[in-house]
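**Student:** Dropping in model-v8.cif, which is mmCIF, C-alpha atoms and all ligand atoms:
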```cif
data_data
loop_
_atom_site.label_atom_id
_atom_site.label_comp_id
_atom_site.auth_asym_id
_atom_site.auth_seq_id
_atom_site.Cartn_x
_atom_site.Cartn_y
_atom_site.Cartn_z
CA MET A 68 -20.08 3.05 18.81
CA ARG A 69 -16.87 1.22 19.43
CA PRO A 70 -14.79 3.22 21.94
CA SER A 71 -11.59 2.75 19.91
CA PHE A 72 -11.71 5.23 17.05
CA ALA A 73 -9.84 7.52 14.67
CA GLU A 74 -10.49 11.15 15.45
CA ILE A 75 -10.42 13.25 12.29
CA ASN A 76 -9.83 16.91 13.00
CA LEU A 77 -11.54 18.87 10.26
CA SER A 78 -10.16 22.21 11.48
CA SER A 79 -6.66 20.84 10.91
CA LEU A 80 -7.70 19.77 7.40
CA GLU A 81 -8.92 23.30 6.69
CA PHE A 82 -5.75 24.76 8.19
CA ASN A 83 -3.54 22.59 5.94
CA TYR A 84 -5.62 23.18 2.83
CA LEU A 85 -5.75 26.96 3.23
CA ASN A 86 -2.02 27.11 3.96
CA ILE A 87 -1.31 25.14 0.78
CA ARG A 88 -3.67 27.32 -1.21
CA LYS A 89 -2.10 30.50 0.08
CA LYS A 90 1.39 29.32 -0.77
CA VAL A 91 0.68 28.14 -4.32
CA ASN A 92 -1.93 30.70 -5.42
CA ARG A 93 -3.07 28.31 -8.15
CA LYS A 94 -6.02 26.07 -8.83
CA ILE A 95 -6.11 23.03 -6.54
CA MET A 96 -6.91 19.44 -7.38
CA ALA A 97 -7.42 17.79 -3.99
CA VAL A 98 -6.28 14.17 -4.02
CA VAL A 99 -8.87 12.14 -2.09
CA LYS A 100 -8.20 8.62 -3.36
CA ALA A 101 -8.15 5.63 -1.00
CA ASP A 102 -10.98 7.08 1.08
CA ALA A 103 -9.05 10.34 1.47
CA TYR A 104 -5.90 8.48 2.56
CA GLY A 105 -7.95 6.63 5.17
CA HIS A 106 -9.62 9.72 6.66
CA GLY A 107 -13.09 9.12 5.20
CA VAL A 108 -13.78 10.82 1.89
CA GLU A 109 -17.34 11.91 2.62
CA ARG A 110 -16.57 14.30 5.47
CA ILE A 111 -13.23 15.41 3.99
CA VAL A 112 -14.87 16.54 0.76
CA LYS A 113 -17.83 18.05 2.57
CA LYS A 114 -15.49 20.15 4.70
CA LEU A 115 -13.39 21.32 1.75
CA ASN A 116 -16.50 22.17 -0.25
CA LEU A 117 -17.72 24.43 2.54
CA LEU A 118 -14.88 26.82 1.73
CA GLY A 119 -16.88 28.77 -0.84
CA ASN A 120 -14.77 30.22 -3.62
CA LYS A 121 -11.67 28.76 -1.97
CA ARG A 122 -12.91 25.19 -2.35
CA PRO A 123 -10.88 22.79 -4.52
CA ASN A 124 -11.24 23.32 -8.26
CA TYR A 125 -10.88 19.62 -9.05
CA TYR A 126 -10.80 16.36 -7.13
CA ALA A 127 -8.64 13.37 -8.02
CA VAL A 128 -9.10 9.71 -7.21
CA ALA A 129 -7.41 6.52 -8.37
CA ILE A 130 -10.26 4.43 -9.74
CA PRO A 131 -13.74 5.00 -11.23
CA GLU A 132 -15.49 3.54 -8.18
CA GLU A 133 -13.98 6.31 -6.06
CA GLY A 134 -15.16 8.89 -8.58
CA ILE A 135 -18.68 7.45 -8.49
CA GLU A 136 -18.62 7.76 -4.70
CA LEU A 137 -17.90 11.49 -5.08
CA ARG A 138 -20.76 11.92 -7.53
CA LYS A 139 -23.10 10.10 -5.14
CA LEU A 140 -21.99 12.61 -2.50
CA LYS A 141 -23.14 15.35 -4.90
CA VAL A 142 -19.66 16.65 -5.61
CA LYS A 143 -19.98 19.02 -8.55
CA GLN A 144 -16.32 19.70 -9.34
CA PRO A 145 -14.54 17.88 -12.16
CA VAL A 146 -13.18 14.53 -10.93
CA LEU A 147 -10.02 13.12 -12.49
CA ILE A 148 -9.35 9.38 -12.43
CA PHE A 149 -5.59 8.69 -12.24
CA GLU A 150 -5.63 5.03 -13.25
CA PRO A 151 -6.22 4.03 -16.87
CA ILE A 152 -9.84 2.99 -17.39
CA SER A 153 -10.55 -0.61 -18.38
CA PRO A 154 -12.96 -1.42 -21.24
CA GLN A 155 -15.41 -2.87 -18.69
CA GLN A 156 -15.49 0.43 -16.81
CA ALA A 157 -15.50 2.89 -19.71
CA LYS A 158 -19.27 3.46 -19.67
CA LEU A 159 -19.05 4.67 -16.05
CA VAL A 160 -17.04 7.66 -17.22
CA PHE A 161 -20.03 8.91 -19.21
CA LYS A 162 -22.67 7.95 -16.71
CA TYR A 163 -20.94 9.74 -13.82
CA ASN A 164 -19.25 12.54 -15.73
CA LEU A 165 -15.69 11.59 -14.75
CA ILE A 166 -12.47 12.69 -16.43
CA PRO A 167 -10.31 9.78 -17.53
CA THR A 168 -6.54 9.84 -17.76
CA VAL A 169 -5.38 8.79 -21.23
CA SER A 170 -1.92 8.14 -22.55
CA SER A 171 -2.25 5.97 -25.65
CA PRO A 172 -4.42 5.59 -28.77
CA GLN A 173 -5.73 2.35 -27.20
CA HIS A 174 -7.10 4.34 -24.25
CA LEU A 175 -8.99 6.57 -26.66
CA LYS A 176 -10.37 3.59 -28.55
CA ILE A 177 -11.86 2.18 -25.35
CA PHE A 178 -14.15 5.21 -25.10
CA GLU A 179 -15.00 5.24 -28.80
CA GLN A 180 -15.99 1.58 -28.60
CA THR A 181 -18.63 2.32 -25.95
CA GLY A 182 -20.63 4.17 -28.62
CA LYS A 183 -21.41 6.76 -25.95
CA ILE A 184 -19.48 9.74 -27.27
CA GLU A 185 -22.21 12.24 -28.10
CA LYS A 186 -20.21 15.33 -27.29
CA PRO A 187 -16.42 15.54 -26.97
CA LEU A 188 -15.13 13.71 -23.89
CA ARG A 189 -12.86 15.73 -21.59
CA VAL A 190 -9.61 13.90 -20.85
CA HIS A 191 -6.30 14.60 -19.10
CA VAL A 192 -3.13 13.26 -20.69
CA LYS A 193 -0.56 11.74 -18.38
CA ILE A 194 2.99 12.27 -19.56
CA ASP A 195 5.72 9.99 -18.26
CA THR A 196 8.76 12.18 -17.68
CA GLY A 197 10.76 9.57 -15.78
CA MET A 198 8.58 7.72 -13.30
CA ASN A 199 8.28 4.82 -15.77
CA ARG A 200 4.97 3.68 -14.42
CA ILE A 201 2.08 4.96 -16.54
CA GLY A 202 1.79 7.72 -19.10
CA VAL A 203 2.85 8.47 -22.66
CA ALA A 204 6.66 8.69 -22.90
CA TYR A 205 7.74 12.33 -22.92
CA SER A 206 9.43 11.77 -26.28
CA ASP A 207 6.08 10.71 -27.83
CA ALA A 208 3.87 13.13 -25.92
CA PHE A 209 3.90 15.98 -28.42
CA ASN A 210 2.75 13.81 -31.33
CA PHE A 211 0.12 12.13 -29.19
CA LEU A 212 -1.25 15.53 -28.13
CA ILE A 213 -1.23 16.88 -31.68
CA ASN A 214 -3.26 13.88 -32.85
CA LEU A 215 -5.58 14.20 -29.89
CA SER A 216 -6.18 17.87 -30.63
CA ARG A 217 -7.39 16.88 -34.10
CA ASP A 218 -9.76 14.21 -32.79
CA LYS A 219 -13.29 15.61 -32.56
CA ASN A 220 -14.29 13.01 -29.99
CA PHE A 221 -12.01 14.42 -27.28
CA ILE A 222 -11.08 17.66 -25.55
CA THR A 223 -7.74 17.92 -23.81
CA ASP A 224 -8.80 19.42 -20.50
CA GLY A 225 -5.36 18.95 -18.97
CA ILE A 226 -1.89 17.48 -19.21
CA TYR A 227 0.08 16.25 -16.26
CA THR A 228 3.14 14.44 -15.01
CA HIS A 229 4.14 12.95 -11.67
CA PHE A 230 7.47 13.30 -9.86
CA ALA A 231 9.49 10.36 -8.58
CA THR A 232 11.70 12.33 -6.20
CA SER A 233 10.13 15.72 -5.45
CA ASP A 234 10.28 14.85 -1.75
CA GLU A 235 14.03 14.19 -1.77
CA LYS A 236 16.62 16.76 -0.82
CA ASP A 237 18.50 16.22 -4.06
CA LYS A 238 16.23 17.66 -6.73
CA THR A 239 18.41 16.69 -9.73
CA PHE A 240 16.03 14.08 -11.10
CA ALA A 241 12.89 16.04 -10.22
CA ASN A 242 14.34 19.01 -12.11
CA LEU A 243 15.05 16.78 -15.11
CA GLN A 244 11.42 15.64 -15.11
CA LEU A 245 10.34 19.27 -14.78
CA GLU A 246 12.47 20.29 -17.78
CA ARG A 247 11.00 17.48 -19.90
CA PHE A 248 7.46 18.57 -19.00
CA LYS A 249 8.24 22.22 -19.66
CA ASN A 250 9.68 21.36 -23.07
CA ILE A 251 6.45 19.65 -24.08
CA ILE A 252 4.42 22.65 -22.93
CA GLN A 253 6.69 24.92 -24.94
CA GLN A 254 6.26 22.79 -28.05
CA LEU A 255 2.49 22.75 -27.63
CA LYS A 256 2.41 26.51 -27.19
CA GLU A 257 4.50 27.01 -30.31
CA ALA A 258 2.19 24.70 -32.26
CA GLY A 259 -0.86 26.55 -30.95
CA VAL A 260 -2.31 23.42 -29.33
CA ASP A 261 -4.75 24.00 -26.47
CA TYR A 262 -3.74 21.58 -23.72
CA GLY A 263 -6.06 22.88 -21.00
CA LEU A 264 -4.55 22.92 -17.51
CA ALA A 265 -0.96 21.79 -16.91
CA HIS A 266 -0.33 20.22 -13.51
CA ALA A 267 2.57 18.40 -11.91
CA ALA A 268 3.11 19.25 -8.25
CA ASN A 269 2.40 16.68 -5.56
CA SER A 270 3.07 17.61 -1.93
CA GLY A 271 6.87 17.39 -2.28
CA ALA A 272 6.88 19.78 -5.22
CA ILE A 273 4.32 22.07 -3.57
CA LEU A 274 6.69 22.44 -0.62
CA ASP A 275 9.93 22.87 -2.53
CA MET A 276 9.49 23.37 -6.29
CA PRO A 277 7.49 26.52 -7.05
CA GLU A 278 8.53 26.23 -10.71
CA ALA A 279 6.39 23.09 -10.90
CA TYR A 280 3.11 24.79 -9.96
CA PHE A 281 1.92 25.52 -13.55
CA ASP A 282 -1.90 26.00 -13.61
CA MET A 283 -2.91 23.63 -10.84
CA VAL A 284 -1.32 21.57 -8.03
CA ARG A 285 -2.27 18.14 -6.67
CA PRO A 286 -1.79 17.91 -2.89
CA GLY A 287 -2.46 14.58 -1.21
CA ILE A 288 -0.61 13.78 2.00
CA SER A 289 -0.10 17.45 2.92
CA LEU A 290 -3.88 17.94 3.11
CA TYR A 291 -3.87 15.31 5.82
CA GLY A 292 -1.12 17.07 7.74
CA TYR A 293 2.06 15.21 6.88
CA TYR A 294 5.19 16.15 4.97
CA PRO A 295 5.81 13.51 2.31
CA SER A 296 9.29 12.70 3.59
CA LEU A 297 11.73 13.83 6.25
CA GLU A 298 13.83 15.57 3.58
CA THR A 299 11.44 18.28 2.42
CA SER A 300 11.36 21.78 3.81
CA GLU A 301 8.49 22.67 6.09
CA SER A 302 7.67 25.71 4.00
CA ILE A 303 3.98 25.17 4.72
CA LYS A 304 2.76 24.63 8.26
CA LEU A 305 0.79 21.39 8.56
CA LYS A 306 -1.10 19.64 11.36
CA PRO A 307 -1.85 15.88 11.32
CA VAL A 308 -5.57 15.38 10.82
CA MET A 309 -5.89 11.84 12.20
CA SER A 310 -5.46 10.75 15.84
CA LEU A 311 -6.08 7.25 17.15
CA ILE A 312 -7.85 7.05 20.47
CA SER A 313 -8.69 4.08 22.65
CA PHE A 314 -9.02 3.35 26.37
CA VAL A 315 -7.65 1.10 29.08
CA ASN A 316 -9.66 -2.09 28.90
CA SER A 317 -7.87 -3.97 31.68
CA VAL A 318 -4.99 -3.52 34.10
CA LYS A 319 -2.69 -6.27 35.43
CA ARG A 320 0.14 -6.28 37.91
CA ILE A 321 2.85 -8.76 36.90
CA LEU A 322 5.89 -10.04 38.78
CA PRO A 323 9.55 -10.13 37.70
CA GLY A 324 10.08 -12.97 35.18
CA GLU A 325 6.49 -12.93 33.97
CA SER A 326 5.95 -12.38 30.26
CA VAL A 327 3.30 -10.69 28.11
CA SER A 328 1.48 -11.93 24.99
CA TYR A 329 2.30 -14.45 22.24
CA GLY A 330 5.86 -15.69 21.96
CA ARG A 331 6.81 -14.08 25.29
CA LYS A 332 8.59 -11.20 23.55
CA PHE A 333 8.55 -9.13 26.72
CA THR A 334 9.52 -10.29 30.18
CA ALA A 335 9.23 -8.01 33.19
CA GLU A 336 12.47 -7.30 35.06
CA ASN A 337 10.61 -5.76 37.97
CA GLU A 338 7.10 -5.92 39.23
CA THR A 339 5.10 -3.72 36.88
CA THR A 340 1.65 -2.73 35.68
CA ILE A 341 0.50 -3.76 32.20
CA ILE A 342 -2.40 -1.97 30.60
CA GLU A 343 -4.33 -3.61 27.79
CA VAL A 344 -5.93 -1.54 25.05
CA PRO A 345 -8.48 -2.90 22.54
CA PHE A 346 -6.78 -1.94 19.29
CA GLY A 347 -4.78 -4.49 17.31
CA TYR A 348 -3.29 -5.29 13.95
CA ALA A 349 -6.76 -5.87 12.51
CA ASP A 350 -7.29 -2.16 13.17
CA GLY A 351 -3.99 -1.16 11.56
CA TYR A 352 -1.77 -1.22 14.67
CA ARG A 353 0.84 -3.20 12.79
CA ARG A 354 2.41 -6.22 14.45
CA ASN A 355 5.88 -5.08 13.38
CA LEU A 356 5.56 -2.23 15.88
CA THR A 357 5.88 -4.79 18.68
CA ASN A 358 8.07 -3.49 21.54
CA LYS A 359 8.97 -0.40 19.46
CA THR A 360 6.31 2.21 20.05
CA PHE A 361 4.47 4.14 22.76
CA CYS A 362 1.10 5.41 23.86
CA LEU A 363 0.09 8.50 25.79
CA VAL A 364 -1.99 8.30 28.94
CA LYS A 365 -2.67 11.46 30.95
CA GLY A 366 0.11 13.22 29.05
CA LYS A 367 2.75 10.54 29.77
CA MET A 368 4.43 8.16 27.33
CA TYR A 369 4.32 4.42 28.05
CA PRO A 370 6.23 1.82 25.99
CA GLN A 371 4.37 -0.86 24.09
CA VAL A 372 5.31 -4.35 25.34
CA GLY A 373 4.63 -7.88 24.14
CA THR A 374 3.49 -9.01 20.72
CA ILE A 375 0.73 -6.87 19.24
CA THR A 376 -2.28 -9.09 18.63
CA MET A 377 -5.20 -8.92 16.24
CA ASP A 378 -7.50 -7.07 18.61
CA ARG A 379 -5.38 -5.75 21.45
CA VAL A 380 -2.10 -4.19 22.43
CA MET A 381 -0.34 -3.88 25.79
CA PHE A 382 1.74 -1.10 27.36
CA ASN A 383 4.02 -1.02 30.39
CA ALA A 384 2.76 1.52 32.91
CA GLY A 385 5.49 0.79 35.49
CA ASN A 386 4.29 1.74 38.95
CA ASP A 387 1.86 4.41 37.82
CA ILE A 388 -1.72 4.08 38.85
CA ILE A 389 -3.88 3.84 35.75
CA LYS A 390 -7.56 3.10 35.92
CA ILE A 391 -9.75 1.04 33.61
CA GLY A 392 -11.53 3.36 31.17
CA GLN A 393 -8.70 5.90 31.06
CA LYS A 394 -8.27 7.50 27.61
CA VAL A 395 -5.26 6.24 25.63
CA ILE A 396 -3.78 8.15 22.70
CA LEU A 397 -2.13 5.76 20.23
CA LEU A 398 -1.45 8.43 17.61
CA GLY A 399 -1.88 12.07 18.49
CA LYS A 400 -0.64 14.70 20.85
CA THR A 401 -1.02 16.40 24.18
CA LYS A 402 0.35 19.81 25.17
CA THR A 403 3.89 18.51 25.48
CA GLU A 404 4.10 15.11 23.81
CA LYS A 405 3.21 13.64 20.46
CA ILE A 406 3.17 10.32 18.63
CA ASP A 407 2.61 10.71 14.92
CA ALA A 408 2.51 8.53 11.82
CA TRP A 409 6.22 9.19 11.23
CA ASP A 410 7.01 7.53 14.59
CA TRP A 411 5.27 4.39 13.36
CA GLY A 412 6.56 4.82 9.81
CA ASN A 413 10.16 5.01 10.98
CA VAL A 414 9.83 1.72 12.85
CA LEU A 415 7.96 0.04 10.00
CA GLY A 416 10.21 1.34 7.23
CA THR A 417 7.28 3.14 5.65
CA ILE A 418 5.65 6.54 5.28
CA PRO A 419 2.63 8.22 6.87
CA TYR A 420 0.61 7.51 3.71
CA GLU A 421 0.69 3.79 4.44
CA VAL A 422 -0.02 4.31 8.13
CA THR A 423 -3.20 6.37 7.64
CA CYS A 424 -4.40 4.27 4.68
CA GLY A 425 -3.77 1.19 6.81
CA ILE A 426 -6.27 2.07 9.56
CA THR A 427 -8.95 -0.42 8.73
CA LYS A 428 -12.67 -0.11 8.17
CA ARG A 429 -13.65 -1.45 11.56
CA VAL A 430 -12.14 1.64 13.24
CA PRO A 431 -14.90 4.26 13.37
CA ARG A 432 -13.94 7.71 12.10
CA VAL A 433 -15.15 10.39 14.48
CA TYR A 434 -15.13 13.93 13.11
CA LYS A 435 -14.23 16.98 15.13
CA ASP A 436 -14.81 20.46 13.72
C1 LIG B 501 -0.73 11.34 -9.87
C2 LIG B 501 -0.69 11.78 -8.45
N1 LIG B 501 -0.71 13.09 -8.17
C3 LIG B 501 -0.67 13.56 -6.90
C4 LIG B 501 -0.60 12.68 -5.83
C5 LIG B 501 -0.52 13.24 -4.43
O1 LIG B 501 0.76 13.00 -3.91
P1 LIG B 501 1.13 13.41 -2.41
O2 LIG B 501 0.23 12.60 -1.55
O3 LIG B 501 2.56 13.04 -2.27
O4 LIG B 501 0.86 14.87 -2.30
C6 LIG B 501 -0.56 11.31 -6.08
C7 LIG B 501 -0.43 10.38 -4.96
O5 LIG B 501 0.06 9.31 -5.02
C8 LIG B 501 -0.61 10.85 -7.43
O6 LIG B 501 -0.60 9.54 -7.71
#
```
Show me this structure written as structure tokens.
**Tutor:**
Amino acid sequence: MRPSFAEINLSSLEFNYLNIRKKVNRKIMAVVKADAYGHGVERIVKKLNLLGNKRPNYYAVAIPEEGIELRKLKVKQPVLIFEPISPQQAKLVFKYNLIPTVSSPQHLKIFEQTGKIEKPLRVHVKIDTGMNRIGVAYSDAFNFLINLSRDKNFITDGIYTHFATSDEKDKTFANLQLERFKNIIQQLKEAGVDYGLAHAANSGAILDMPEAYFDMVRPGISLYGYYPSLETSESIKLKPVMSLISFVNSVKRILPGESVSYGRKFTAENETTIIEVPFGYADGYRRNLTNKTFCLVKGKMYPQVGTITMDRVMFNAGNDIIKIGQKVILLGKTKTEKIDAWDWGNVLGTIPYEVTCGITKRVPRVYKD
């Protein structure tokens, strides 16, 4: 195996999941799209499903192919597909027993046109309460759900909405979305319509909006150990699940005035030792981190220097003696120091989601229980 790898700590995953579960005391739909945010869906789901009666009640993914992967892994729980299903993919929903998201009469027609509806198809209705991305507009949702409840081809297994700002300190807009969703639920209750499970809370709302828990919550990034922004509370203790580990591949001593890597973006002021580590932007160590991040070797931080290249990255070890083969932590922690996906995210103007999803396929995932 390649000695540069992502270490996935499954005990931390369990720690995060059980902490979330304890806090919400509701059903859980674990969001494992995008290969479990880059962590490797197979082992993530296997670990969560070992939790007996505490295991997730539902799983959610973005696209049918990801749902099929779960079925091939023998996942028995209901699997919700967030993205609208295309006509070409509609048959897969029946074949693999997936739950589609629907939000328009056209979506329903796609399933009817397959000719495969033998018993009512379970669906979840996505209600757009302000995200303005997908979903039936909240003002039309009640009528859509009434019509759906009369359609013998479908069963409304759930209704849901998604927050645009639940991870911001100012909850004004999130509360407006919440009120719109609650109003629809109230109307449905008054009309005696069975809407199945109501769910709304992503990680931001799980941390800070208990009123948004309803029947089920949908944690994604918090499962993997990160708060969704720097503005949420830390009302649930979380531990990052992914570390990135490599090793010192070569060591060079350079003289004052000598430069490192493409474009000579770093020039030594004093004689110094440069260590080279085989992990580059093709692995997800983004080039925009150049000269702006660190690594940890034997518990000490060393600054990254010189342009990050496709397959390798260099660090300035000063006058420390570092040997070839020494372990290098690119993301992770020691007893006293840590480098996490927020440290990269802050430099890159992004969030931990993009950092963990951005660790590419050629980086082996190594699982630690
Ligand atoms: C509809 C929906 N629900 C829940 C989540 C999970 O969100 P988070 O990762 O912020 O917990 C996502 C993620 O994008 C989503 O699209």
**Student:** Counting all atoms listed in the file, what are the residues, protein, DNA or RNA alike, that approach ligand LIG 501 (chain B) to within 6 Å? I want them as a PyMOL selection string.
**Tutor:** chain A and resi 98+229+269-270+285-289+295
**Student:** Taking only C-alpha atoms into account, which of A:Glu404, A:Val327, A:Ser313, A:Gly292 comes nearest A:Gly392?
**Tutor:**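 Selected residue with least distance to A:Gly392: A:Ser313.
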**Student:** For each of A:Phe209, A:Phe82, A:Phe382, A:Phe361, take the minimum atom-to-atom distance to A:Phe333, counting only C-alpha atoms, then give the residue where this is smallest.
**Tutor:**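 Selected residue with least distance to A:Phe333: A:Phe382.
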**Student:** Could you pull the residues within 10 Å of A:Lys365, counting all atoms listed in the file, minus those fewer than 3 positions along the same chain, as a ChimeraX atom specification?
**Tutor:** /A:368,389,393-396,401
**Student:** Between A:Val284, A:Val315, A:Val112, A:Ile273, which one has atoms that come closest to A:Thr299, using all atoms listed in the file?
**Tutor:**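 So, comparing all the options, the nearest one is A:Ile273.
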**Student:** For A:Met96, which residue among A:Arg320, A:Arg217, A:His266, A:Arg189 is the nearest when counting all atoms listed in the file?
**Tutor:**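 Result for the nearest residue to A:Met96: A:His266.
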**Student:** Hey, can you check how far atom CA of A:His106 sits from atom CA of A:Leu415?
**Tutor:** 20.3 Å
**Student:** Give as an MDAnalysis selection string every residue, naming chains and numbers as the document does, that has an atom within 12 Å of (-3.2, 13.5, -23.2), counting only C-alpha atoms.
**Tutor:** chainID A and resid 151 166:172 174:175 188:195 202:205 207:216 218 221:228 251:252 255 260:265
**Student:** With all atoms listed in the file as the basis for distance, which of A:Tyr125, A:Tyr294, A:Tyr280, A:Phe149 is at the shortest distance from A:Trp409?
**Tutor:**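 Result for the nearest residue to A:Trp409: A:Tyr294.
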